[in-house]
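Here's model.pdb, which has PDB, C-alpha atoms:
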```pdb
ATOM      1  CA  MET A   1      32.223  -3.995  28.632
ATOM      2  CA  LEU A   2      28.411  -3.838  28.646
ATOM      3  CA  LEU A   3      28.420  -0.507  26.805
ATOM      4  CA  LEU A   4      30.851  -1.921  24.263
ATOM      5  CA  ALA A   5      28.601  -4.945  23.676
ATOM      6  CA  VAL A   6      25.549  -2.705  23.191
ATOM      7  CA  PHE A   7      27.506  -0.498  20.762
ATOM      8  CA  GLN A   8      28.573  -3.553  18.744
ATOM      9  CA  VAL A   9      24.989  -4.876  18.525
ATOM     10  CA  LEU A  10      23.615  -1.497  17.428
ATOM     11  CA  HIS A  11      26.247  -1.157  14.719
ATOM     12  CA  GLN A  12      26.138  -4.668  13.311
ATOM     13  CA  PRO A  13      25.280  -4.799   9.595
ATOM     14  CA  PRO A  14      21.730  -6.052   8.971
ATOM     15  CA  LEU A  15      21.405  -9.793   8.593
ATOM     16  CA  PRO A  16      20.759 -10.974   5.047
ATOM     17  CA  PRO A  17      17.231 -12.246   4.384
ATOM     18  CA  PRO A  18      16.708 -16.014   4.530
ATOM     19  CA  SER A  19      17.425 -17.958   1.354
ATOM     20  CA  ASP A  20      13.719 -18.596   0.742
ATOM     21  CA  PHE A  21      12.712 -14.932   1.236
ATOM     22  CA  THR A  22      11.706 -14.377  -2.397
ATOM     23  CA  LYS A  23       9.493 -17.479  -2.330
ATOM     24  CA  ARG A  24       7.351 -16.134   0.466
ATOM     25  CA  ALA A  25       4.033 -14.524  -0.397
ATOM     26  CA  HIS A  26       4.220 -11.426   1.821
ATOM     27  CA  THR A  27       0.558 -10.844   1.974
ATOM     28  CA  TYR A  28      -2.574  -9.598   3.650
ATOM     29  CA  SER A  29      -5.800 -11.531   3.188
ATOM     30  CA  ILE A  30      -9.272 -12.149   4.538
ATOM     31  CA  VAL A  31     -11.283 -15.375   4.365
ATOM     32  CA  ALA A  32     -14.991 -15.203   5.144
ATOM     33  CA  TYR A  33     -18.384 -16.910   5.176
ATOM     34  CA  ASP A  34     -21.745 -15.348   4.325
ATOM     35  CA  SER A  35     -24.496 -16.991   6.374
ATOM     36  CA  ALA A  36     -27.238 -15.462   4.209
ATOM     37  CA  THR A  37     -26.066 -16.968   0.901
ATOM     38  CA  GLY A  38     -23.641 -19.685   1.984
ATOM     39  CA  ASP A  39     -20.904 -18.026  -0.081
ATOM     40  CA  LEU A  40     -17.304 -18.589   0.975
ATOM     41  CA  GLY A  41     -14.441 -16.457  -0.243
ATOM     42  CA  ILE A  42     -11.014 -14.908  -0.026
ATOM     43  CA  ALA A  43      -9.579 -11.542  -0.991
ATOM     44  CA  VAL A  44      -5.810 -11.107  -0.998
ATOM     45  CA  GLN A  45      -3.119  -8.590  -1.996
ATOM     46  CA  SER A  46       0.656  -8.946  -1.983
ATOM     47  CA  LYS A  47       3.983  -7.591  -3.123
ATOM     48  CA  PHE A  48       4.468 -10.868  -4.939
ATOM     49  CA  PRO A  49       3.482 -11.844  -8.498
ATOM     50  CA  ASN A  50       0.354 -13.944  -9.066
ATOM     51  CA  VAL A  51      -0.658 -14.246  -5.437
ATOM     52  CA  GLY A  52      -3.946 -15.704  -6.706
ATOM     53  CA  GLY A  53      -2.097 -18.819  -7.807
ATOM     54  CA  LEU A  54      -0.698 -19.453  -4.312
ATOM     55  CA  VAL A  55      -2.827 -18.177  -1.472
ATOM     56  CA  PRO A  56      -6.600 -18.669  -2.038
ATOM     57  CA  TRP A  57      -8.393 -22.022  -1.804
ATOM     58  CA  ALA A  58     -12.129 -22.628  -1.482
ATOM     59  CA  ARG A  59     -14.809 -25.248  -2.013
ATOM     60  CA  ALA A  60     -18.537 -24.496  -2.060
ATOM     61  CA  GLY A  61     -20.354 -25.804   0.998
ATOM     62  CA  VAL A  62     -17.032 -26.666   2.663
ATOM     63  CA  GLY A  63     -14.698 -23.779   3.436
ATOM     64  CA  ALA A  64     -12.118 -21.219   2.382
ATOM     65  CA  VAL A  65      -8.394 -21.036   3.100
ATOM     66  CA  ALA A  66      -5.628 -18.468   2.678
ATOM     67  CA  THR A  67      -2.132 -19.958   3.012
ATOM     68  CA  GLN A  68       0.645 -17.379   2.922
ATOM     69  CA  ALA A  69       4.082 -16.284   4.245
ATOM     70  CA  LEU A  70       5.982 -19.448   3.239
ATOM     71  CA  SER A  71       2.860 -20.838   1.559
ATOM     72  CA  ASN A  72       2.072 -24.531   2.126
ATOM     73  CA  THR A  73      -0.596 -25.965  -0.181
ATOM     74  CA  ASP A  74      -1.438 -28.682   2.367
ATOM     75  CA  TYR A  75      -3.464 -26.100   4.263
ATOM     76  CA  GLY A  76      -5.527 -25.551   1.137
ATOM     77  CA  GLU A  77      -5.836 -29.080  -0.219
ATOM     78  CA  LYS A  78      -5.902 -31.080   3.019
ATOM     79  CA  GLY A  79      -7.653 -28.333   4.933
ATOM     80  CA  LEU A  80     -10.623 -28.378   2.560
ATOM     81  CA  GLU A  81     -10.691 -32.181   2.599
ATOM     82  CA  LEU A  82     -10.750 -32.254   6.401
ATOM     83  CA  MET A  83     -13.528 -29.663   6.523
ATOM     84  CA  ALA A  84     -15.473 -31.647   3.899
ATOM     85  CA  ARG A  85     -15.278 -34.624   6.282
ATOM     86  CA  GLY A  86     -16.737 -32.576   9.120
ATOM     87  CA  ALA A  87     -13.781 -30.936  10.837
ATOM     88  CA  ALA A  88     -14.304 -27.347  11.958
ATOM     89  CA  ALA A  89     -11.807 -24.826  10.603
ATOM     90  CA  PRO A  90      -9.735 -24.582  13.837
ATOM     91  CA  GLU A  91      -9.578 -28.385  14.112
ATOM     92  CA  ALA A  92      -8.531 -28.770  10.471
ATOM     93  CA  MET A  93      -5.767 -26.219  10.940
ATOM     94  CA  ARG A  94      -4.414 -27.902  14.063
ATOM     95  CA  ILE A  95      -4.371 -31.309  12.371
ATOM     96  CA  ILE A  96      -2.290 -30.040   9.452
ATOM     97  CA  MET A  97       0.043 -28.104  11.730
ATOM     98  CA  ARG A  98       0.992 -31.333  13.504
ATOM     99  CA  THR A  99       2.594 -32.695  10.324
ATOM    100  CA  ASP A 100       3.899 -29.370   8.996
ATOM    101  CA  PRO A 101       7.723 -29.345   9.121
ATOM    102  CA  GLN A 102       7.828 -25.521   9.252
ATOM    103  CA  PRO A 103       4.724 -24.194  11.042
ATOM    104  CA  SER A 104       6.711 -21.263  12.431
ATOM    105  CA  GLN A 105       7.065 -19.872   8.880
ATOM    106  CA  ARG A 106       3.403 -20.156   7.909
ATOM    107  CA  GLN A 107       0.493 -17.805   8.079
ATOM    108  CA  VAL A 108      -2.948 -19.283   7.467
ATOM    109  CA  GLY A 109      -6.568 -18.211   7.654
ATOM    110  CA  MET A 110      -9.454 -20.700   7.494
ATOM    111  CA  VAL A 111     -13.224 -20.534   7.660
ATOM    112  CA  ASP A 112     -15.718 -23.371   7.269
ATOM    113  CA  ALA A 113     -19.282 -23.499   5.961
ATOM    114  CA  HIS A 114     -20.644 -23.062   9.494
ATOM    115  CA  GLY A 115     -18.714 -19.840  10.009
ATOM    116  CA  ASN A 116     -16.053 -21.244  12.346
ATOM    117  CA  SER A 117     -12.777 -19.444  11.676
ATOM    118  CA  ALA A 118      -9.127 -19.638  12.667
ATOM    119  CA  SER A 119      -5.940 -17.729  11.950
ATOM    120  CA  TRP A 120      -2.364 -18.783  12.622
ATOM    121  CA  THR A 121       0.782 -16.664  12.435
ATOM    122  CA  GLY A 122       4.102 -18.452  12.892
ATOM    123  CA  ASP A 123       6.719 -16.866  15.130
ATOM    124  CA  SER A 124       9.299 -16.821  12.300
ATOM    125  CA  THR A 125       7.196 -14.585  10.046
ATOM    126  CA  PHE A 126       8.372 -11.018   9.424
ATOM    127  CA  ASP A 127       7.030  -7.970  11.282
ATOM    128  CA  TRP A 128       4.405  -6.772  11.398
ATOM    129  CA  ALA A 129       2.635 -10.117  11.324
ATOM    130  CA  GLY A 130      -0.581 -11.240  12.942
ATOM    131  CA  GLY A 131      -4.275 -11.839  12.487
ATOM    132  CA  ARG A 132      -7.784 -11.287  13.716
ATOM    133  CA  THR A 133     -10.899 -13.430  13.734
ATOM    134  CA  GLY A 134     -14.500 -12.354  13.923
ATOM    135  CA  GLY A 135     -16.812 -13.015  16.823
ATOM    136  CA  ARG A 136     -20.393 -12.588  17.841
ATOM    137  CA  ALA A 137     -19.120 -10.046  20.356
ATOM    138  CA  ASP A 138     -15.583  -8.760  19.858
ATOM    139  CA  GLY A 139     -13.174 -10.505  17.533
ATOM    140  CA  GLN A 140      -9.866 -11.876  18.718
ATOM    141  CA  MET A 141      -6.544 -10.295  17.778
ATOM    142  CA  GLY A 142      -3.320 -12.310  17.722
ATOM    143  CA  GLY A 143       0.325 -11.816  16.889
ATOM    144  CA  LYS A 144       3.202 -14.086  15.986
ATOM    145  CA  GLY A 145       3.159 -17.569  17.467
ATOM    146  CA  GLN A 146      -0.594 -17.459  18.063
ATOM    147  CA  LEU A 147      -3.514 -19.473  16.728
ATOM    148  CA  ILE A 148      -6.747 -17.576  17.275
ATOM    149  CA  VAL A 149     -10.298 -18.758  16.640
ATOM    150  CA  GLY A 150     -13.538 -16.932  16.019
ATOM    151  CA  HIS A 151     -16.600 -16.792  13.795
ATOM    152  CA  GLY A 152     -17.406 -15.488  10.331
ATOM    153  CA  TYR A 153     -14.007 -14.453   9.066
ATOM    154  CA  ALA A 154     -10.257 -14.482   9.606
ATOM    155  CA  ALA A 155      -7.921 -11.664   8.527
ATOM    156  CA  GLN A 156      -4.136 -12.020   8.519
ATOM    157  CA  ALA A 157      -1.066 -10.166   7.297
ATOM    158  CA  ASN A 158       2.706 -10.301   7.333
ATOM    159  CA  ILE A 159       5.490  -7.793   6.569
ATOM    160  CA  MET A 160       3.008  -4.996   7.176
ATOM    161  CA  VAL A 161       3.695  -1.417   8.172
ATOM    162  CA  SER A 162       1.641  -2.028  11.341
ATOM    163  CA  ASP A 163      -1.296  -3.958  12.773
ATOM    164  CA  ALA A 164      -3.599  -1.293  11.274
ATOM    165  CA  THR A 165      -3.876  -3.367   8.100
ATOM    166  CA  VAL A 166      -5.550  -6.273   9.910
ATOM    167  CA  ARG A 167      -7.635  -4.032  12.155
ATOM    168  CA  ASN A 168      -8.873  -2.045   9.152
ATOM    169  CA  MET A 169      -9.777  -5.184   7.223
ATOM    170  CA  ALA A 170     -11.675  -6.654  10.161
ATOM    171  CA  GLU A 171     -13.564  -3.506  11.126
ATOM    172  CA  THR A 172     -14.500  -2.699   7.532
ATOM    173  CA  PHE A 173     -15.714  -6.228   6.841
ATOM    174  CA  GLU A 174     -17.833  -6.202   9.993
ATOM    175  CA  ARG A 175     -19.599  -2.922   9.237
ATOM    176  CA  SER A 176     -19.927  -3.206   5.464
ATOM    177  CA  ARG A 177     -23.093  -4.397   3.733
ATOM    178  CA  GLY A 178     -23.805  -6.051   0.403
ATOM    179  CA  SER A 179     -22.558  -9.257  -1.167
ATOM    180  CA  LEU A 180     -19.638 -11.204   0.260
ATOM    181  CA  ALA A 181     -17.484 -10.172  -2.711
ATOM    182  CA  ASP A 182     -18.288  -6.485  -2.167
ATOM    183  CA  ARG A 183     -17.391  -6.761   1.514
ATOM    184  CA  LEU A 184     -14.153  -8.635   0.822
ATOM    185  CA  ILE A 185     -12.988  -5.998  -1.653
ATOM    186  CA  ALA A 186     -13.938  -3.216   0.765
ATOM    187  CA  ALA A 187     -11.828  -4.953   3.423
ATOM    188  CA  LEU A 188      -8.895  -5.199   1.025
ATOM    189  CA  VAL A 189      -9.092  -1.478   0.215
ATOM    190  CA  ALA A 190      -9.190  -0.689   3.933
ATOM    191  CA  GLY A 191      -6.200  -2.941   4.551
ATOM    192  CA  GLN A 192      -4.124  -0.987   2.067
ATOM    193  CA  ALA A 193      -5.262   2.267   3.667
ATOM    194  CA  GLY A 194      -3.807   0.909   6.914
ATOM    195  CA  GLY A 195      -0.353   0.794   5.357
ATOM    196  CA  GLY A 196      -0.393  -2.541   3.587
ATOM    197  CA  ASP A 197       2.721  -4.486   2.653
ATOM    198  CA  LYS A 198       5.956  -2.706   3.611
ATOM    199  CA  ARG A 199       7.391  -3.322   0.155
ATOM    200  CA  GLY A 200       4.424  -2.038  -1.832
ATOM    201  CA  MET A 201       1.810  -3.648  -4.087
ATOM    202  CA  GLN A 202       1.987  -6.086  -6.983
ATOM    203  CA  SER A 203      -0.818  -8.642  -7.281
ATOM    204  CA  ALA A 204      -4.281  -9.387  -5.920
ATOM    205  CA  ALA A 205      -7.062 -11.948  -6.168
ATOM    206  CA  LEU A 206     -10.716 -12.490  -5.327
ATOM    207  CA  LEU A 207     -12.196 -15.993  -5.076
ATOM    208  CA  VAL A 208     -15.824 -16.639  -4.083
ATOM    209  CA  VAL A 209     -17.500 -20.040  -4.357
ATOM    210  CA  ARG A 210     -21.205 -20.825  -4.447
ATOM    211  CA  ALA A 211     -22.918 -24.099  -5.330
ATOM    212  CA  LYS A 212     -23.550 -23.977  -9.115
ATOM    213  CA  GLY A 213     -22.793 -20.260  -9.039
ATOM    214  CA  GLY A 214     -20.317 -20.334 -11.941
ATOM    215  CA  TYR A 215     -20.966 -19.739 -15.642
ATOM    216  CA  LEU A 216     -24.452 -21.055 -16.521
ATOM    217  CA  GLY A 217     -24.400 -23.144 -13.336
ATOM    218  CA  GLY A 218     -21.605 -25.365 -14.604
ATOM    219  CA  THR A 219     -19.141 -24.799 -11.748
ATOM    220  CA  ASP A 220     -19.023 -23.562  -8.163
ATOM    221  CA  ARG A 221     -16.478 -20.826  -8.961
ATOM    222  CA  TYR A 222     -18.835 -17.896  -8.659
ATOM    223  CA  ILE A 223     -16.022 -15.324  -8.861
ATOM    224  CA  ASP A 224     -12.394 -16.116  -9.661
ATOM    225  CA  ILE A 225     -10.328 -13.030 -10.527
ATOM    226  CA  ARG A 226      -6.539 -12.801 -10.454
ATOM    227  CA  VAL A 227      -4.370  -9.765 -11.036
ATOM    228  CA  TYR A 228      -0.952 -11.211 -11.828
ATOM    229  CA  ASP A 229       1.044  -7.968 -11.793
ATOM    230  CA  ALA A 230      -0.082  -4.330 -11.705
ATOM    231  CA  PRO A 231       1.033  -0.970 -10.267
ATOM    232  CA  ASP A 232      -2.251  -0.799  -8.310
ATOM    233  CA  PRO A 233      -3.582  -4.369  -8.162
ATOM    234  CA  ILE A 234      -6.553  -3.519  -5.943
ATOM    235  CA  LYS A 235      -7.803  -0.888  -8.382
ATOM    236  CA  GLU A 236      -7.355  -3.385 -11.207
ATOM    237  CA  LEU A 237      -9.193  -6.035  -9.181
ATOM    238  CA  GLN A 238     -12.111  -3.640  -8.766
ATOM    239  CA  ARG A 239     -12.168  -2.958 -12.516
ATOM    240  CA  LEU A 240     -12.144  -6.673 -13.347
ATOM    241  CA  TYR A 241     -14.832  -7.372 -10.754
ATOM    242  CA  ALA A 242     -17.106  -4.826 -12.446
ATOM    243  CA  LEU A 243     -16.541  -6.620 -15.772
ATOM    244  CA  HIS A 244     -17.191  -9.983 -14.131
ATOM    245  CA  LYS A 245     -20.530  -8.795 -12.803
ATOM    246  CA  LEU A 246     -21.493  -7.545 -16.263
ATOM    247  CA  TYR A 247     -20.556 -10.708 -18.150
ATOM    248  CA  PHE A 248     -21.164 -13.463 -15.592
ATOM    249  CA  PHE A 249     -23.933 -12.340 -13.231
ATOM    250  CA  THR A 250     -27.459 -13.124 -14.405
ATOM    251  CA  SER A 251     -30.069 -10.400 -14.733
ATOM    252  CA  ASP A 252     -31.719  -8.948 -11.670
ATOM    253  CA  SER A 253     -35.482  -8.757 -12.173
ATOM    254  CA  ALA A 254     -35.343  -5.088 -11.149
ATOM    255  CA  ASP A 255     -33.087  -4.400 -14.147
ATOM    256  CA  LEU A 256     -35.442  -5.805 -16.791
ATOM    257  CA  ILE A 257     -37.115  -3.118 -18.885
ATOM    258  CA  PRO A 258     -39.498  -3.399 -21.868
ATOM    259  CA  ILE A 259     -38.123  -2.839 -25.351
ATOM    260  CA  THR A 260     -40.192   0.188 -26.336
ATOM    261  CA  PRO A 261     -40.483   1.351 -29.966
ATOM    262  CA  ALA A 262     -37.793   3.959 -29.229
ATOM    263  CA  VAL A 263     -35.435   1.341 -27.769
ATOM    264  CA  GLN A 264     -36.147  -1.009 -30.676
ATOM    265  CA  LYS A 265     -35.255   1.742 -33.150
ATOM    266  CA  GLU A 266     -32.058   2.478 -31.220
ATOM    267  CA  LEU A 267     -31.045  -1.188 -31.235
ATOM    268  CA  GLU A 268     -31.964  -1.644 -34.899
ATOM    269  CA  ALA A 269     -29.485   1.082 -35.796
ATOM    270  CA  ILE A 270     -26.829  -1.264 -34.387
ATOM    271  CA  LEU A 271     -28.256  -4.504 -35.755
ATOM    272  CA  LEU A 272     -28.455  -3.064 -39.285
ATOM    273  CA  THR A 273     -24.770  -2.015 -39.295
ATOM    274  CA  GLU A 274     -23.006  -4.746 -37.296
ATOM    275  CA  PRO A 275     -20.995  -6.971 -37.126
ATOM    276  CA  ALA A 276     -18.426  -4.442 -38.247
ATOM    277  CA  ASN A 277     -16.419  -5.244 -41.376
ATOM    278  CA  GLN A 278     -18.676  -8.161 -42.308
ATOM    279  CA  PRO A 279     -21.122  -8.102 -45.220
ATOM    280  CA  GLN A 280     -23.933  -9.956 -43.445
ATOM    281  CA  LYS A 281     -25.477  -7.908 -40.654
ATOM    282  CA  TRP A 282     -27.683  -9.030 -37.780
ATOM    283  CA  LEU A 283     -30.740  -7.490 -39.472
ATOM    284  CA  VAL A 284     -31.419  -7.022 -43.158
ATOM    285  CA  ALA A 285     -34.183  -4.434 -42.658
ATOM    286  CA  PRO A 286     -36.054  -2.641 -39.843
ATOM    287  CA  GLN A 287     -38.858  -4.683 -38.324
ATOM    288  CA  PRO A 288     -42.443  -3.482 -37.803
ATOM    289  CA  SER A 289     -42.660  -4.911 -34.266
ATOM    290  CA  LEU A 290     -40.901  -6.970 -31.620
ATOM    291  CA  ASN A 291     -41.164 -10.069 -33.772
ATOM    292  CA  ASP A 292     -39.024 -13.211 -33.749
ATOM    293  CA  THR A 293     -36.765 -11.803 -36.451
ATOM    294  CA  PHE A 294     -35.835  -8.791 -34.344
ATOM    295  CA  LEU A 295     -35.536 -10.728 -31.064
ATOM    296  CA  THR A 296     -33.377 -13.432 -32.683
ATOM    297  CA  ALA A 297     -31.115 -10.807 -34.237
ATOM    298  CA  LEU A 298     -30.805  -9.044 -30.873
ATOM    299  CA  ALA A 299     -30.015 -12.332 -29.109
ATOM    300  CA  ASN A 300     -27.334 -13.220 -31.673
ATOM    301  CA  PHE A 301     -25.800  -9.766 -31.310
ATOM    302  CA  MET A 302     -25.752 -10.073 -27.502
ATOM    303  CA  TYR A 303     -24.131 -13.506 -27.654
ATOM    304  CA  TRP A 304     -21.528 -12.056 -30.036
ATOM    305  CA  GLU A 305     -20.834  -9.275 -27.528
ATOM    306  CA  ASN A 306     -20.564 -11.769 -24.611
ATOM    307  CA  TYR A 307     -23.747 -10.786 -22.795
ATOM    308  CA  ASP A 308     -24.637 -14.491 -22.740
ATOM    309  CA  VAL A 309     -26.200 -14.612 -19.270
ATOM    310  CA  ARG A 310     -28.375 -11.546 -19.972
ATOM    311  CA  VAL A 311     -29.970 -12.675 -23.265
ATOM    312  CA  ARG A 312     -33.797 -12.717 -23.325
ATOM    313  CA  MET A 313     -36.540 -13.495 -25.850
ATOM    314  CA  ASP A 314     -39.552 -12.034 -24.007
ATOM    315  CA  GLY A 315     -39.596  -8.455 -25.271
ATOM    316  CA  LYS A 316     -37.465  -7.155 -22.412
ATOM    317  CA  ILE A 317     -33.812  -6.187 -22.173
ATOM    318  CA  ASP A 318     -31.426  -6.041 -19.252
ATOM    319  CA  ARG A 319     -30.844  -2.381 -18.362
ATOM    320  CA  VAL A 320     -27.226  -3.089 -17.312
ATOM    321  CA  ALA A 321     -26.457  -4.649 -20.696
ATOM    322  CA  LEU A 322     -28.259  -1.863 -22.562
ATOM    323  CA  GLU A 323     -26.256   0.797 -20.752
ATOM    324  CA  ASP A 324     -23.015  -1.001 -21.591
ATOM    325  CA  ILE A 325     -24.053  -1.306 -25.251
ATOM    326  CA  ARG A 326     -24.716   2.424 -25.369
ATOM    327  CA  LYS A 327     -21.464   3.285 -23.583
ATOM    328  CA  ASN A 328     -19.376   1.203 -25.981
ATOM    329  CA  ARG A 329     -20.871   2.951 -29.005
ATOM    330  CA  ALA A 330     -21.112   6.504 -27.732
ATOM    331  CA  GLY A 331     -19.676   8.705 -30.479
ATOM    332  CA  HIS A 332     -18.266   5.707 -32.324
ATOM    333  CA  PRO A 333     -20.863   4.324 -34.740
ATOM    334  CA  ARG A 334     -19.759   0.991 -36.178
ATOM    335  CA  ARG A 335     -19.888   0.123 -39.852
TER     336      ARG A 335
END
```

Go ahead and render the structure in this file as structure tokens.
Amino acid sequence: MLLLAVFQVLHQPPLPPPSDFTKRAHTYSIVAYDSATGDLGIAVQSKFPNVGGLVPWARAGVGAVATQALSNTDYGEKGLELMARGAAAPEAMRIIMRTDPQPSQRQVGMVDAHGNSASWTGDSTFDWAGGRTGGRADGQMGGKGQLIVGHGYAAQANIMVSDATVRNMAETFERSRGSLADRLIAALVAGQAGGGDKRGMQSAALLVVRAKGGYLGGTDRYIDIRVYDAPDPIKELQRLYALHKLYFFTSDSADLIPITPAVQKELEAILLTEPANQPQKWLVAPQPSLNDTFLTALANFMYWENYDVRVRMDGKIDRVALEDIRKNRAGHPRR
């Protein structure tokens, strides 16, 4: 009878997925804090469209949250509010879990502006599911049904090929250098190398907040990039991040170079022939020096081309912008 029962179990047809399966953001993510800059951020990838509209939440000077599996926005909205009132990330998570009707189906990562972190994986999430938090010594690893706490970051994943995704994210984030955004993307790449989502790839997002770090200091959304749907969303995220740095990051003093007579002549060739298909060009005639006429024409051209944050009027030009100008016109003179 026992052998018959075992045979019947082994040959049962697979159970159908739960009715809310397609609503779940099957995801791997990392939330983190940068003690040097105060930046807080999230990087996330999923086999789910527009994961950036569901999972990442952050507020400058407060915290960052990733709410996934069967995503519950309370962890984002209320979690940030609780942290703004002084709750540490693990405390904020526990408070929300008490009123959550389905905590077993959630997966959440939180970090606050002091670096306290927490990760929760409900015991009804799909294998492989679990998380890891950072620590001043060794981080803590946890599986389903566990809330783990640590410092600096929290990485979590569900419906993964194995726990290698979380381990790769954590280890890469810990040893990488550079800005928080650079480290988050490196962790995401490493997570995919560990197997990633069992079902493949579809969308990704990167959110980093910094006080007055947004466009011209008007917002705290220092970086907010979402890949809604793509064959390789991480590669597309990297491409968009490079564009974001070009168009939204202000000039580094090390990248400022003088506009020499040769550079002026090179730029005048553009200013005398653009905007394309319009009769009035930025410059009517070549200028004898770096005068106001030339500098104003160059500034107007750069605004037109969306180099707003890199415009100058001091006889210098941003090397990054100049290289992009050259690249965009290589072999394709505009008239």

Applied to the shown file, which residues does the PyMOL selection byres ((chain A and resi 180) around 9) return, written as a PDB file with C-alpha atoms, in the coordinates of the input?
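Ended up saving to part_14.pdb:
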```pdb
ATOM      1  CA  ALA A  32     -14.991 -15.203   5.144  1.00  0.00           C
ATOM      2  CA  TYR A  33     -18.384 -16.910   5.176  1.00  0.00           C
ATOM      3  CA  ASP A  34     -21.745 -15.348   4.325  1.00  0.00           C
ATOM      4  CA  THR A  37     -26.066 -16.968   0.901  1.00  0.00           C
ATOM      5  CA  ASP A  39     -20.904 -18.026  -0.081  1.00  0.00           C
ATOM      6  CA  LEU A  40     -17.304 -18.589   0.975  1.00  0.00           C
ATOM      7  CA  GLY A  41     -14.441 -16.457  -0.243  1.00  0.00           C
ATOM      8  CA  ARG A 177     -23.093  -4.397   3.733  1.00  0.00           C
ATOM      9  CA  GLY A 178     -23.805  -6.051   0.403  1.00  0.00           C
ATOM     10  CA  SER A 179     -22.558  -9.257  -1.167  1.00  0.00           C
ATOM     11  CA  ALA A 181     -17.484 -10.172  -2.711  1.00  0.00           C
ATOM     12  CA  ASP A 182     -18.288  -6.485  -2.167  1.00  0.00           C
ATOM     13  CA  ARG A 183     -17.391  -6.761   1.514  1.00  0.00           C
ATOM     14  CA  LEU A 184     -14.153  -8.635   0.822  1.00  0.00           C
ATOM     15  CA  ILE A 185     -12.988  -5.998  -1.653  1.00  0.00           C
ATOM     16  CA  VAL A 208     -15.824 -16.639  -4.083  1.00  0.00           C
TER      17      VAL A 208
END
```

Practice task
Give me, please, the distance in Å between CA of Gln278 (chain A) and CA of Asn300 (chain A), quoted to one decimal.
Solution key: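 Between CA of Gln278 (chain A) and CA of Asn300 (chain A) the gap is 14.6 Å.
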
Handout entry: Picked residues, the PyMOL selection byres ((chain A and resi 47-56) around 10), as number ranges by chain
Key = A: 22-31, 41-46, 57-58, 64-69, 71-73, 75-76, 108-109, 159, 196-208, 224-230, 233

Selection file, C-alpha atoms, as an mmCIF file, in the frame of the given file:
```
data_model
loop_
_atom_site.group_PDB
_atom_site.id
_atom_site.type_symbol
_atom_site.label_atom_id
_atom_site.label_comp_id
_atom_site.auth_asym_id
_atom_site.auth_seq_id
_atom_site.Cartn_x
_atom_site.Cartn_y
_atom_site.Cartn_z
ATOM 1 C CA THR A 22 11.706 -14.377 -2.397
ATOM 2 C CA LYS A 23 9.493 -17.479 -2.330
ATOM 3 C CA ARG A 24 7.351 -16.134 0.466
ATOM 4 C CA ALA A 25 4.033 -14.524 -0.397
ATOM 5 C CA HIS A 26 4.220 -11.426 1.821
ATOM 6 C CA THR A 27 0.558 -10.844 1.974
ATOM 7 C CA TYR A 28 -2.574 -9.598 3.650
ATOM 8 C CA SER A 29 -5.800 -11.531 3.188
ATOM 9 C CA ILE A 30 -9.272 -12.149 4.538
ATOM 10 C CA VAL A 31 -11.283 -15.375 4.365
ATOM 11 C CA GLY A 41 -14.441 -16.457 -0.243
ATOM 12 C CA ILE A 42 -11.014 -14.908 -0.026
ATOM 13 C CA ALA A 43 -9.579 -11.542 -0.991
ATOM 14 C CA VAL A 44 -5.810 -11.107 -0.998
ATOM 15 C CA GLN A 45 -3.119 -8.590 -1.996
ATOM 16 C CA SER A 46 0.656 -8.946 -1.983
ATOM 17 C CA TRP A 57 -8.393 -22.022 -1.804
ATOM 18 C CA ALA A 58 -12.129 -22.628 -1.482
ATOM 19 C CA ALA A 64 -12.118 -21.219 2.382
ATOM 20 C CA VAL A 65 -8.394 -21.036 3.100
ATOM 21 C CA ALA A 66 -5.628 -18.468 2.678
ATOM 22 C CA THR A 67 -2.132 -19.958 3.012
ATOM 23 C CA GLN A 68 0.645 -17.379 2.922
ATOM 24 C CA ALA A 69 4.082 -16.284 4.245
ATOM 25 C CA SER A 71 2.860 -20.838 1.559
ATOM 26 C CA ASN A 72 2.072 -24.531 2.126
ATOM 27 C CA THR A 73 -0.596 -25.965 -0.181
ATOM 28 C CA TYR A 75 -3.464 -26.100 4.263
ATOM 29 C CA GLY A 76 -5.527 -25.551 1.137
ATOM 30 C CA VAL A 108 -2.948 -19.283 7.467
ATOM 31 C CA GLY A 109 -6.568 -18.211 7.654
ATOM 32 C CA ILE A 159 5.490 -7.793 6.569
ATOM 33 C CA GLY A 196 -0.393 -2.541 3.587
ATOM 34 C CA ASP A 197 2.721 -4.486 2.653
ATOM 35 C CA LYS A 198 5.956 -2.706 3.611
ATOM 36 C CA ARG A 199 7.391 -3.322 0.155
ATOM 37 C CA GLY A 200 4.424 -2.038 -1.832
ATOM 38 C CA MET A 201 1.810 -3.648 -4.087
ATOM 39 C CA GLN A 202 1.987 -6.086 -6.983
ATOM 40 C CA SER A 203 -0.818 -8.642 -7.281
ATOM 41 C CA ALA A 204 -4.281 -9.387 -5.920
ATOM 42 C CA ALA A 205 -7.062 -11.948 -6.168
ATOM 43 C CA LEU A 206 -10.716 -12.490 -5.327
ATOM 44 C CA LEU A 207 -12.196 -15.993 -5.076
ATOM 45 C CA VAL A 208 -15.824 -16.639 -4.083
ATOM 46 C CA ASP A 224 -12.394 -16.116 -9.661
ATOM 47 C CA ILE A 225 -10.328 -13.030 -10.527
ATOM 48 C CA ARG A 226 -6.539 -12.801 -10.454
ATOM 49 C CA VAL A 227 -4.370 -9.765 -11.036
ATOM 50 C CA TYR A 228 -0.952 -11.211 -11.828
ATOM 51 C CA ASP A 229 1.044 -7.968 -11.793
ATOM 52 C CA ALA A 230 -0.082 -4.330 -11.705
ATOM 53 C CA PRO A 233 -3.582 -4.369 -8.162
#
```

Practice task
To verify the selection step, state as a list of chain:residue names which residues the PyMOL selection byres ((chain A and resi 257-273) around 7) yields on this input.
Solution key: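 Applying the PyMOL selection byres ((chain A and resi 257-273) around 7) to the structure shown produces A:Asp255, A:Leu256, A:Glu274, A:Pro275, A:Ala276, A:Lys281, A:Trp282, A:Leu283, A:Val284, A:Ala285, A:Pro286, A:Gly315, A:Lys316, A:Ile317, A:Asp318, A:Arg319, A:Arg334, A:Arg335.
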